[in-house]
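A.B. asks: Before I ask anything, let me first share the structure, which is written out below as structure tokens.
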Amino acid sequence: MKLSELLKSVIEIAHESGQVILNIYQQGHFTKTVKSDNTPVTSADIAAHKLMIKRLSILTPNIPVLSEEDTSVPFYLRKQWQRYWLVDPLDGTQEFIAGSGDFATIIALVENNRPVMGVIYGPVSGVLYYATKGHGAWKIIATSEKIRLSTLKHSDTMLSFSIAISRRQDISAITERLDPRREYDLVPLGSAALKSCLVAEGTVDCYLSLGPTGEWDTAATQCIVEESGGCILDMTLSPLSYNERDSLKNPNFIVLGDTSLPWQEIVRLEL
């Protein structure tokens with residue numbers, strides 16, 4: 001099945017999963033536990049996970065699904081996958097618990113270790129971001145208006161930059177990396193995926209992620225950001241890759257809008 005044929009169904013699954021999460025969020029009744037990696041998981045995460053697994057398995061029975069809520073597939077098996085779904089049923093669980101509304105549901109299709117489709121849906125805002133490789137990145141807002149995404153572009157003499165950061169990030173860890181000769185506007189948000197989408201739509205110049213994230217946090221956004229003209233790189237300025245290691249953890253990374261700028265001067269990537 002072609003990407004264009006899959007996309008409509010995947011968007012429907014993202015909406016359905018988001019609605020499940022939103023119903024639980026609005027009711028305010030959910031259970032919360034702590035996983036082995038000391039991160040929280042709620043009954044909303046699990047409900048969305050179950051729906052995604054079921055719907056994607058029906059849609060594409062021959063394509064395996066890897067979810068943040070079930071990473072038990074050993075590397076020696078999954079490294080043989082040439083094509084698989086990589087999902088985060090609820091990105092921003094801490095924000096869900098805190099009641100900020102800054103959370104999203106994420107679905108990516110990965111082929112040969114690179115994302116070729118990304119769908120991200122924020123159920124509180126009703127905003128949908130999506131992209132398929134070679135066909136641009138798009139945003140649909142609650143009024144059903146469809147907007148093509150494009151990152152911000154600047155001259156190389158630009159001295160002021162906007163940077164998306166985690167609402168729960170130690171700000172000093174960010175500011176100590178910034179060139180003191182320039183000015184910065186730090187924009188806090190919860191969901192890692194939604195912060196990357198701010199770069200893709202041209203709202204901010206970059207997003208600097210310092211701290212633990214998983215491959216499910218970045219695969220869909222990488223497709224969306226790249227199709228909008230930006231990129232996601234690790235601290236050696238290499239693109240992120242997927243399903244190539246035993247660990248599914250990401251390195252620290254930066255999401256860039258205008259790739260022509262001297263980012264090694266603007267943000268010191270290695271300290």
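Order determines the names: the first chain of the structure tokens is A, the second B, and so forth; residues in each chain are numbered 1 upward, and ligands are numbered 1 upward as they are shown.
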Taking only residues of region 31-117 of chain A that have an atom at most 9 Å from an atom of region 127-148 of chain A, what is each one's shortest atom pair and its distance in Å to one decimal, using only C-alpha atoms, in chain and number order, as a Markdown table?

C.D. replies:
| residue | atom | partner | partner_atom | distance |
| --- | --- | --- | --- | --- |
| A:Pro115 | CA | A:Lys133 | CA | 8.0 |
| A:Val116 | CA | A:Lys133 | CA | 4.9 |
| A:Met117 | CA | A:Thr132 | CA | 4.3 |

A.B. asks: Output N, CA, C and O atoms of each residue in that selection to a file, as a tab-separated table (two decimals), in the first residue's frame.

C.D. replies:
chain	number	residue	atom	x	y	z
A	115	PRO	N	12.41	7.61	9.07
A	115	PRO	CA	10.97	7.85	9.04
A	115	PRO	C	10.51	8.37	7.68
A	115	PRO	O	11.14	9.27	7.11
A	116	VAL	N	9.43	7.80	7.17
A	116	VAL	CA	8.88	8.22	5.88
A	116	VAL	C	7.47	8.77	6.03
A	116	VAL	O	6.90	9.27	5.05
A	117	MET	N	6.89	8.66	7.20
A	117	MET	CA	5.58	9.24	7.49
A	117	MET	C	5.55	9.63	8.96
A	117	MET	O	6.08	8.93	9.81

A.B. asks: Find the residues near Lys54 (chain A): any atom within 12 Å, counting only C-alpha atoms, skip ones fewer than 2 places away on the same chain, and give them as an NGL selection string.

C.D. replies: :A and (13 or 16-17 or 47-52 or 56-61 or 64-65 or 67)

A.B. asks: Print the selection's residues with C-alpha atoms to a file, as a PDB file, in the first residue's frame.

C.D. replies:
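Final output, result.pdb:
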ATOM      1  CA  ILE A  13      -6.201   6.349  14.085  1.00  0.00           C
ATOM      2  CA  GLU A  16      -9.323   8.102  17.601  1.00  0.00           C
ATOM      3  CA  SER A  17      -6.409   7.623  19.991  1.00  0.00           C
ATOM      4  CA  ALA A  47      -5.847   2.791  26.510  1.00  0.00           C
ATOM      5  CA  ALA A  48      -4.395   4.717  23.566  1.00  0.00           C
ATOM      6  CA  HIS A  49      -1.656   2.103  23.150  1.00  0.00           C
ATOM      7  CA  LYS A  50      -4.179  -0.729  22.915  1.00  0.00           C
ATOM      8  CA  LEU A  51      -6.283   1.142  20.369  1.00  0.00           C
ATOM      9  CA  MET A  52      -3.272   1.995  18.203  1.00  0.00           C
ATOM     10  CA  LEU A  56      -2.618  -0.482  12.932  1.00  0.00           C
ATOM     11  CA  SER A  57      -2.502  -4.280  13.009  1.00  0.00           C
ATOM     12  CA  ILE A  58      -5.804  -4.399  11.134  1.00  0.00           C
ATOM     13  CA  LEU A  59      -4.687  -1.712   8.672  1.00  0.00           C
ATOM     14  CA  THR A  60      -1.347  -3.366   7.848  1.00  0.00           C
ATOM     15  CA  PRO A  61      -1.200  -6.932   9.221  1.00  0.00           C
ATOM     16  CA  PRO A  64       4.991  -4.757  12.987  1.00  0.00           C
ATOM     17  CA  VAL A  65       4.224  -2.065  15.569  1.00  0.00           C
ATOM     18  CA  SER A  67       5.161   1.298  20.936  1.00  0.00           C
TER      19      SER A  67
END

A.B. asks: Per residue of region 31-134 of chain A within 10 Å of region 177-189 of chain A, note the shortest atom pair and the distance in Å to one decimal, counting only C-alpha atoms, and order the rows by chain and increasing residue number, as a tab-separated table.

C.D. replies:
residue	atom	partner	partner_atom	distance
A:Gly92	CA	A:Leu189	CA	9.6
A:Glu95	CA	A:Leu189	CA	9.2
A:Ser100	CA	A:Leu189	CA	9.3
A:Gly101	CA	A:Leu189	CA	9.9
A:Asp102	CA	A:Leu189	CA	6.7
A:Phe103	CA	A:Leu189	CA	9.3

A.B. asks: Report the distance between CA of Lys32 (chain A) and CA of Thr218 (chain A) in Å, rounded to one decimal place.

C.D. replies: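 So the two atoms, CA of Lys32 (chain A) and CA of Thr218 (chain A), lie 24.2 Å apart.
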
A.B. asks: How would you write, as number ranges by chain, the set of residues in region 2-246 of chain A that DSSP gives as strand (DSSP E)?

C.D. replies: A: 32-34, 40-42, 65-67, 83-91, 104-111, 114-122, 127-132, 137-140, 146-148, 160-166, 183-189, 206-209, 231-234

A.B. asks: I'd like the neighbourhood of Thr105 (chain A) as a list in words, where a residue qualifies if any of its atoms comes within 7 Å (using only C-alpha atoms), though same-chain residues fewer than 6 positions away should be ignored.

C.D. replies: Ala14, Gly18, Asp88, Pro89, Leu90, Asp91, Ile120, Tyr121 and Gly122 of chain A

A.B. asks: Write to file, as a compact mmCIF listing (two decimals), in the first residue's frame, the residues of the selection just made, with N, CA, C and O atoms.

C.D. replies:
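Listed below is the output, again_3.txt:
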# COMPACT_ATOMS: atom_id res chain seq x y z
N ALA A 14 -4.90 8.34 14.64
CA ALA A 14 -4.38 9.36 15.56
C ALA A 14 -5.52 10.13 16.22
O ALA A 14 -5.48 10.40 17.44
N GLY A 18 -6.38 10.03 20.14
CA GLY A 18 -6.44 11.30 20.85
C GLY A 18 -7.76 11.50 21.57
O GLY A 18 -7.81 12.05 22.68
N ASP A 88 4.11 6.60 19.84
CA ASP A 88 4.03 7.04 21.23
C ASP A 88 2.58 7.39 21.48
O ASP A 88 2.10 8.44 21.03
N PRO A 89 1.83 6.51 22.15
CA PRO A 89 0.40 6.74 22.31
C PRO A 89 0.06 8.05 23.03
O PRO A 89 -0.94 8.69 22.72
N LEU A 90 0.92 8.44 23.99
CA LEU A 90 0.70 9.69 24.72
C LEU A 90 2.05 10.33 25.01
O LEU A 90 2.75 9.98 25.97
N ASP A 91 2.43 11.26 24.16
CA ASP A 91 3.67 12.00 24.34
C ASP A 91 3.39 13.20 25.24
O ASP A 91 2.56 14.04 24.90
N ILE A 120 1.09 13.61 13.99
CA ILE A 120 1.07 14.05 15.38
C ILE A 120 -0.23 14.81 15.62
O ILE A 120 -0.55 15.75 14.87
N TYR A 121 -0.96 14.43 16.66
CA TYR A 121 -2.25 15.05 16.94
C TYR A 121 -2.31 15.50 18.38
O TYR A 121 -2.04 14.71 19.31
N GLY A 122 -2.61 16.78 18.59
CA GLY A 122 -2.82 17.32 19.93
C GLY A 122 -4.30 17.35 20.24
O GLY A 122 -5.02 18.22 19.72

A.B. asks: In Å to one decimal, how far is CA of Thr42 (chain A) from CA of Phe30 (chain A)?

C.D. replies: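 Interatomic distance here is 6.6 Å.
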
A.B. asks: Counting only C-alpha atoms, which of A:Pro262, A:Asn113, A:Val119, A:Tyr84 gets nearest to Leu7 (chain A)?

C.D. replies: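 Of A:Pro262, A:Asn113, A:Val119, A:Tyr84, the one nearest Leu7 (chain A) is A:Val119, counting only C-alpha atoms.
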
A.B. asks: Find the residue from A:Thr93, A:Gln26, A:Ser196, A:Ser238 that sits nearest to Asp45 (chain A); use only C-alpha atoms when measuring.

C.D. replies: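 Smallest distance to Asp45 (chain A) is found for A:Thr93.
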
A.B. asks: If you run DSSP on the backbone here, which positions in region 51-131 of chain A get alpha helix (DSSP H)? Please write them as an MDAnalysis selection string.

C.D. replies: chainID A and resid 51:59 75:78 93:98

A.B. asks: Residues of the last selection are to be written out with C-alpha atoms, as a PDB file, in the first residue's frame.

C.D. replies:
ATOM      1  CA  LEU A  51      -6.283   1.142  20.369  1.00  0.00           C
ATOM      2  CA  MET A  52      -3.272   1.995  18.203  1.00  0.00           C
ATOM      3  CA  ILE A  53      -1.925  -1.550  18.208  1.00  0.00           C
ATOM      4  CA  LYS A  54      -5.329  -2.961  17.278  1.00  0.00           C
ATOM      5  CA  ARG A  55      -6.082  -0.461  14.522  1.00  0.00           C
ATOM      6  CA  LEU A  56      -2.618  -0.482  12.932  1.00  0.00           C
ATOM      7  CA  SER A  57      -2.502  -4.280  13.009  1.00  0.00           C
ATOM      8  CA  ILE A  58      -5.804  -4.399  11.134  1.00  0.00           C
ATOM      9  CA  LEU A  59      -4.687  -1.712   8.672  1.00  0.00           C
ATOM     10  CA  PHE A  75      16.900  -6.238  19.048  1.00  0.00           C
ATOM     11  CA  TYR A  76      17.931  -9.389  17.187  1.00  0.00           C
ATOM     12  CA  LEU A  77      14.343  -9.668  15.954  1.00  0.00           C
ATOM     13  CA  ARG A  78      13.436  -6.050  15.322  1.00  0.00           C
ATOM     14  CA  THR A  93       2.451  12.067  30.076  1.00  0.00           C
ATOM     15  CA  GLN A  94       3.727  14.427  32.781  1.00  0.00           C
ATOM     16  CA  GLU A  95       1.794  17.264  31.163  1.00  0.00           C
ATOM     17  CA  PHE A  96      -1.313  15.070  31.010  1.00  0.00           C
ATOM     18  CA  ILE A  97      -0.973  14.421  34.741  1.00  0.00           C
ATOM     19  CA  ALA A  98      -0.306  18.098  35.479  1.00  0.00           C
TER      20      ALA A  98
END
